[in-house]
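Asks: Structure incoming, see below.
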Amino acid sequence: MSTIAVTRSVSIAAPADVVRRQFGDVAHHAANRVHRGVRFEVLQEDRARCRYRQVTRVGPIRLAQELDLERVEGGPLVNTVTHGQFKGGTITFDIQPDGPDRSHVDARLEAEVKGLGALAAPLLRRSVRRAFDRALAEDRNDLESGAYLEPTV
């Protein structure tokens with residue numbers, strides 16, 4: 001068994017509450033293909049939680065996973081992997097204000113991998129770092145370009 005823990009950060013020119021909504025808006029990510037090469041499917045959703053399926057590639061490995069996103073007011077967005085290669089792991093987005101119109105986002109993946117995944121852990125760590133960097137840049141572009149239109153609920 002091996003642990004994969006990867007943290008990446010990004011600064012985004014948008015208020016923290018808007019950034020937080022966008023990061024937690026899985027339906028927006030699904031409908032607008034915010035992340036190139038990643039497919040999202042919302043399975044069940046309410047104000048506090050979103051259960052969804054995500055299919056992506058990390059290096060040469062195709063990952064099909066189900067996640068449960070917990071939305072805690074003012075706290076980090078925690079995505080727990082309930083099915084798939086990183087089952088039991090978490091992807092956490094901690095979004096903090098960095099002034100009135102700027103935010104700082106720390107993204108962290110923590111997961112235990114077994115078998116062949118444990119043998120490939122060094123490759124997985126590098127691949128996850130690159131995937132996080134690309135995904136955070138895509139989220140930043142989505143927010144800073146004005147493509148993210150906040151839901152009017």
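Naming works like this for the structure tokens: A, B, ... for the chains as they're shown, residue 1 at the start of each chain, ligands 1 onward in shown order.
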Please report, as a tab-separated table, each residue of stretch 20-76 of chain A lying at most 10 Å from stretch 90-93 of chain A, together with the nearest pair of atoms and the separation in Å rounded to one decimal; use only C-alpha atoms, and order rows by chain and ascending residue number.

Replies:
residue	atom	partner	partner_atom	distance
A:Arg20	CA	A:Phe93	CA	8.6
A:Phe23	CA	A:Phe93	CA	7.9
A:Gly24	CA	A:Phe93	CA	9.2
A:Leu67	CA	A:Thr90	CA	8.7
A:Asp68	CA	A:Thr90	CA	9.4
A:Leu69	CA	A:Ile91	CA	9.1
A:Glu70	CA	A:Thr92	CA	9.9
A:Gly75	CA	A:Phe93	CA	9.2
A:Pro76	CA	A:Phe93	CA	5.6

Asks: Which polymer residues have any atom within 10 Å of an atom of A:Tyr148, counting only C-alpha atoms, with same-chain residues fewer than 5 positions away left out, as a list in words?

Replies: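 Near neighbours after the sequence-gap exclusion: Val18, Val19, Arg21, Gln22, Asp25, His28, His29, Asn32, Val34, Asp139, Asn141, Asp142 and Leu143 of chain A.
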
Asks: I'd like the contact shell of stretch 85-87 of chain A - 7 Å cut-off, only C-alpha atoms, skipping same-chain residues fewer than 4 positions apart - returned as a count of residues only.

Replies: 6

Asks: So that I can check the surroundings of stretch 103-106 of chain A, please list as a list of chain:residue names every protein, DNA and RNA residue that reaches within 6 Å of it, counting only C-alpha atoms and ignoring chain neighbours fewer than 4 positions away.

Replies: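 Non-adjacent residues within range: A:Arg8, A:Ser9, A:Val10, A:Ser11, A:Ile12, A:Pro15, A:Ala16, A:Phe93, A:Asp94, A:Ile95, A:Gln96, A:Pro97, A:Asp98.
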
Asks: Just the strand (DSSP E or B) stuff from stretch 36-88 of chain A, please, per backbone DSSP, written as an NGL selection string.

Replies: :A and (39-45 or 49-58 or 61-71 or 77-83)

Asks: Write the residues of the preceding selection, restricted to N, CA and C atoms, as an mmCIF file, in the first residue's frame.

Replies:
data_model
loop_
_atom_site.group_PDB
_atom_site.id
_atom_site.type_symbol
_atom_site.label_atom_id
_atom_site.label_comp_id
_atom_site.auth_asym_id
_atom_site.auth_seq_id
_atom_site.Cartn_x
_atom_site.Cartn_y
_atom_site.Cartn_z
ATOM 1 N N ARG A 39 -15.103 14.034 -17.988
ATOM 2 C CA ARG A 39 -16.564 13.998 -18.078
ATOM 3 C C ARG A 39 -17.152 13.915 -16.676
ATOM 4 N N PHE A 40 -18.160 14.725 -16.423
ATOM 5 C CA PHE A 40 -18.871 14.720 -15.151
ATOM 6 C C PHE A 40 -20.319 14.335 -15.412
ATOM 7 N N GLU A 41 -20.907 13.610 -14.471
ATOM 8 C CA GLU A 41 -22.331 13.286 -14.529
ATOM 9 C C GLU A 41 -22.880 13.398 -13.109
ATOM 10 N N VAL A 42 -23.821 14.313 -12.911
ATOM 11 C CA VAL A 42 -24.458 14.463 -11.611
ATOM 12 C C VAL A 42 -25.434 13.308 -11.418
ATOM 13 N N LEU A 43 -25.296 12.587 -10.305
ATOM 14 C CA LEU A 43 -26.163 11.450 -10.019
ATOM 15 C C LEU A 43 -27.292 11.826 -9.060
ATOM 16 N N GLN A 44 -26.967 12.689 -8.099
ATOM 17 C CA GLN A 44 -27.956 13.143 -7.118
ATOM 18 C C GLN A 44 -27.415 14.422 -6.493
ATOM 19 N N GLU A 45 -28.310 15.403 -6.264
ATOM 20 C CA GLU A 45 -27.824 16.671 -5.739
ATOM 21 C C GLU A 45 -28.877 17.377 -4.906
ATOM 22 N N ARG A 49 -25.106 18.479 -0.638
ATOM 23 C CA ARG A 49 -24.303 17.396 -1.213
ATOM 24 C C ARG A 49 -24.538 17.264 -2.709
ATOM 25 N N CYS A 50 -23.529 16.696 -3.358
ATOM 26 C CA CYS A 50 -23.672 16.326 -4.761
ATOM 27 C C CYS A 50 -22.927 15.012 -4.961
ATOM 28 N N ARG A 51 -23.660 13.999 -5.389
ATOM 29 C CA ARG A 51 -23.035 12.726 -5.735
ATOM 30 C C ARG A 51 -22.887 12.718 -7.243
ATOM 31 N N TYR A 52 -21.667 12.423 -7.714
ATOM 32 C CA TYR A 52 -21.423 12.495 -9.151
ATOM 33 C C TYR A 52 -20.390 11.471 -9.607
ATOM 34 N N ARG A 53 -20.397 11.237 -10.914
ATOM 35 C CA ARG A 53 -19.427 10.346 -11.559
ATOM 36 C C ARG A 53 -18.472 11.221 -12.359
ATOM 37 N N GLN A 54 -17.196 10.866 -12.302
ATOM 38 C CA GLN A 54 -16.163 11.595 -13.041
ATOM 39 C C GLN A 54 -15.288 10.576 -13.765
ATOM 40 N N VAL A 55 -15.086 10.802 -15.046
ATOM 41 C CA VAL A 55 -14.207 9.941 -15.839
ATOM 42 C C VAL A 55 -13.102 10.823 -16.403
ATOM 43 N N THR A 56 -11.866 10.433 -16.143
ATOM 44 C CA THR A 56 -10.718 11.226 -16.582
ATOM 45 C C THR A 56 -9.524 10.316 -16.832
ATOM 46 N N ARG A 57 -8.456 10.908 -17.318
ATOM 47 C CA ARG A 57 -7.201 10.197 -17.497
ATOM 48 C C ARG A 57 -6.157 10.869 -16.628
ATOM 49 N N VAL A 58 -5.381 10.054 -15.935
ATOM 50 C CA VAL A 58 -4.214 10.533 -15.196
ATOM 51 C C VAL A 58 -3.041 9.783 -15.802
ATOM 52 N N ILE A 61 -3.476 6.157 -17.316
ATOM 53 C CA ILE A 61 -4.519 5.442 -16.589
ATOM 54 C C ILE A 61 -5.855 6.169 -16.708
ATOM 55 N N ARG A 62 -6.906 5.411 -17.089
ATOM 56 C CA ARG A 62 -8.264 5.951 -17.156
ATOM 57 C C ARG A 62 -8.906 5.737 -15.796
ATOM 58 N N LEU A 63 -9.404 6.817 -15.211
ATOM 59 C CA LEU A 63 -10.045 6.748 -13.903
ATOM 60 C C LEU A 63 -11.534 7.008 -14.047
ATOM 61 N N ALA A 64 -12.327 6.054 -13.609
ATOM 62 C CA ALA A 64 -13.779 6.216 -13.552
ATOM 63 C C ALA A 64 -14.139 6.108 -12.082
ATOM 64 N N GLN A 65 -14.634 7.199 -11.521
ATOM 65 C CA GLN A 65 -14.879 7.224 -10.094
ATOM 66 C C GLN A 65 -16.215 7.881 -9.791
ATOM 67 N N GLU A 66 -16.774 7.542 -8.630
ATOM 68 C CA GLU A 66 -17.931 8.244 -8.106
ATOM 69 C C GLU A 66 -17.476 8.973 -6.862
ATOM 70 N N LEU A 67 -17.963 10.211 -6.724
ATOM 71 C CA LEU A 67 -17.569 11.048 -5.607
ATOM 72 C C LEU A 67 -18.784 11.651 -4.930
ATOM 73 N N ASP A 68 -18.613 11.967 -3.673
ATOM 74 C CA ASP A 68 -19.641 12.633 -2.893
ATOM 75 C C ASP A 68 -19.054 13.959 -2.432
ATOM 76 N N LEU A 69 -19.600 15.059 -2.958
ATOM 77 C CA LEU A 69 -19.146 16.402 -2.607
ATOM 78 C C LEU A 69 -19.993 16.918 -1.458
ATOM 79 N N GLU A 70 -19.318 17.247 -0.364
ATOM 80 C CA GLU A 70 -19.991 17.831 0.787
ATOM 81 C C GLU A 70 -19.745 19.334 0.787
ATOM 82 N N ARG A 71 -20.833 20.091 0.821
ATOM 83 C CA ARG A 71 -20.736 21.552 0.825
ATOM 84 C C ARG A 71 -21.046 22.055 2.238
ATOM 85 N N LEU A 77 -14.454 22.514 0.407
ATOM 86 C CA LEU A 77 -15.287 21.596 -0.375
ATOM 87 C C LEU A 77 -14.557 20.251 -0.372
ATOM 88 N N VAL A 78 -15.180 19.242 0.212
ATOM 89 C CA VAL A 78 -14.547 17.930 0.338
ATOM 90 C C VAL A 78 -15.273 16.938 -0.559
ATOM 91 N N ASN A 79 -14.523 16.356 -1.505
ATOM 92 C CA ASN A 79 -15.028 15.337 -2.414
ATOM 93 C C ASN A 79 -14.464 13.998 -1.954
ATOM 94 N N THR A 80 -15.325 13.103 -1.497
ATOM 95 C CA THR A 80 -14.883 11.781 -1.047
ATOM 96 C C THR A 80 -15.146 10.778 -2.167
ATOM 97 N N VAL A 81 -14.119 10.024 -2.510
ATOM 98 C CA VAL A 81 -14.243 9.022 -3.565
ATOM 99 C C VAL A 81 -14.940 7.796 -2.968
ATOM 100 N N THR A 82 -16.147 7.479 -3.473
ATOM 101 C CA THR A 82 -16.923 6.362 -2.940
ATOM 102 C C THR A 82 -16.791 5.096 -3.781
ATOM 103 N N HIS A 83 -16.423 5.226 -5.052
ATOM 104 C CA HIS A 83 -16.202 4.083 -5.948
ATOM 105 C C HIS A 83 -15.079 4.451 -6.905
#

Asks: Would you mind listing what lies within 6 Å of A:Asp101 as a PyMOL selection string, with only C-alpha atoms counted and same-chain residues fewer than 2 positions away left out?

Replies: chain A and resi 13-15+99

Asks: Would you pick out the contacts of A:Glu110 at 8 Å or less, using only C-alpha atoms, so that residues sharing its chain but fewer than 4 positions from it are not included, and give the list as a short mmCIF file (atom, residue, chain, number, x, y, z; two decimals) with N, CA, C and O atoms, in the first residue's frame?

Replies:
data_model
loop_
_atom_site.label_atom_id
_atom_site.label_comp_id
_atom_site.auth_asym_id
_atom_site.auth_seq_id
_atom_site.Cartn_x
_atom_site.Cartn_y
_atom_site.Cartn_z
N THR A 3 0.67 5.78 -0.10
CA THR A 3 -0.15 6.98 0.03
C THR A 3 0.20 7.96 -1.07
O THR A 3 1.37 8.20 -1.35
N ILE A 4 -0.83 8.51 -1.66
CA ILE A 4 -0.64 9.60 -2.62
C ILE A 4 -1.23 10.84 -1.97
O ILE A 4 -2.40 10.85 -1.59
N ALA A 5 -0.40 11.85 -1.81
CA ALA A 5 -0.85 13.14 -1.26
C ALA A 5 -0.24 14.22 -2.14
O ALA A 5 0.98 14.34 -2.23
N VAL A 6 -1.10 14.97 -2.80
CA VAL A 6 -0.65 16.02 -3.73
C VAL A 6 -1.43 17.29 -3.40
O VAL A 6 -2.66 17.25 -3.28
N GLY A 89 -10.42 7.89 -0.72
CA GLY A 89 -9.60 9.09 -0.76
C GLY A 89 -10.46 10.34 -0.81
O GLY A 89 -11.68 10.28 -0.94
N THR A 90 -9.80 11.48 -0.69
CA THR A 90 -10.51 12.75 -0.75
C THR A 90 -9.79 13.73 -1.67
O THR A 90 -8.57 13.69 -1.81
N ILE A 91 -10.58 14.58 -2.28
CA ILE A 91 -10.08 15.74 -3.02
C ILE A 91 -10.72 16.94 -2.34
O ILE A 91 -11.95 17.06 -2.29
#
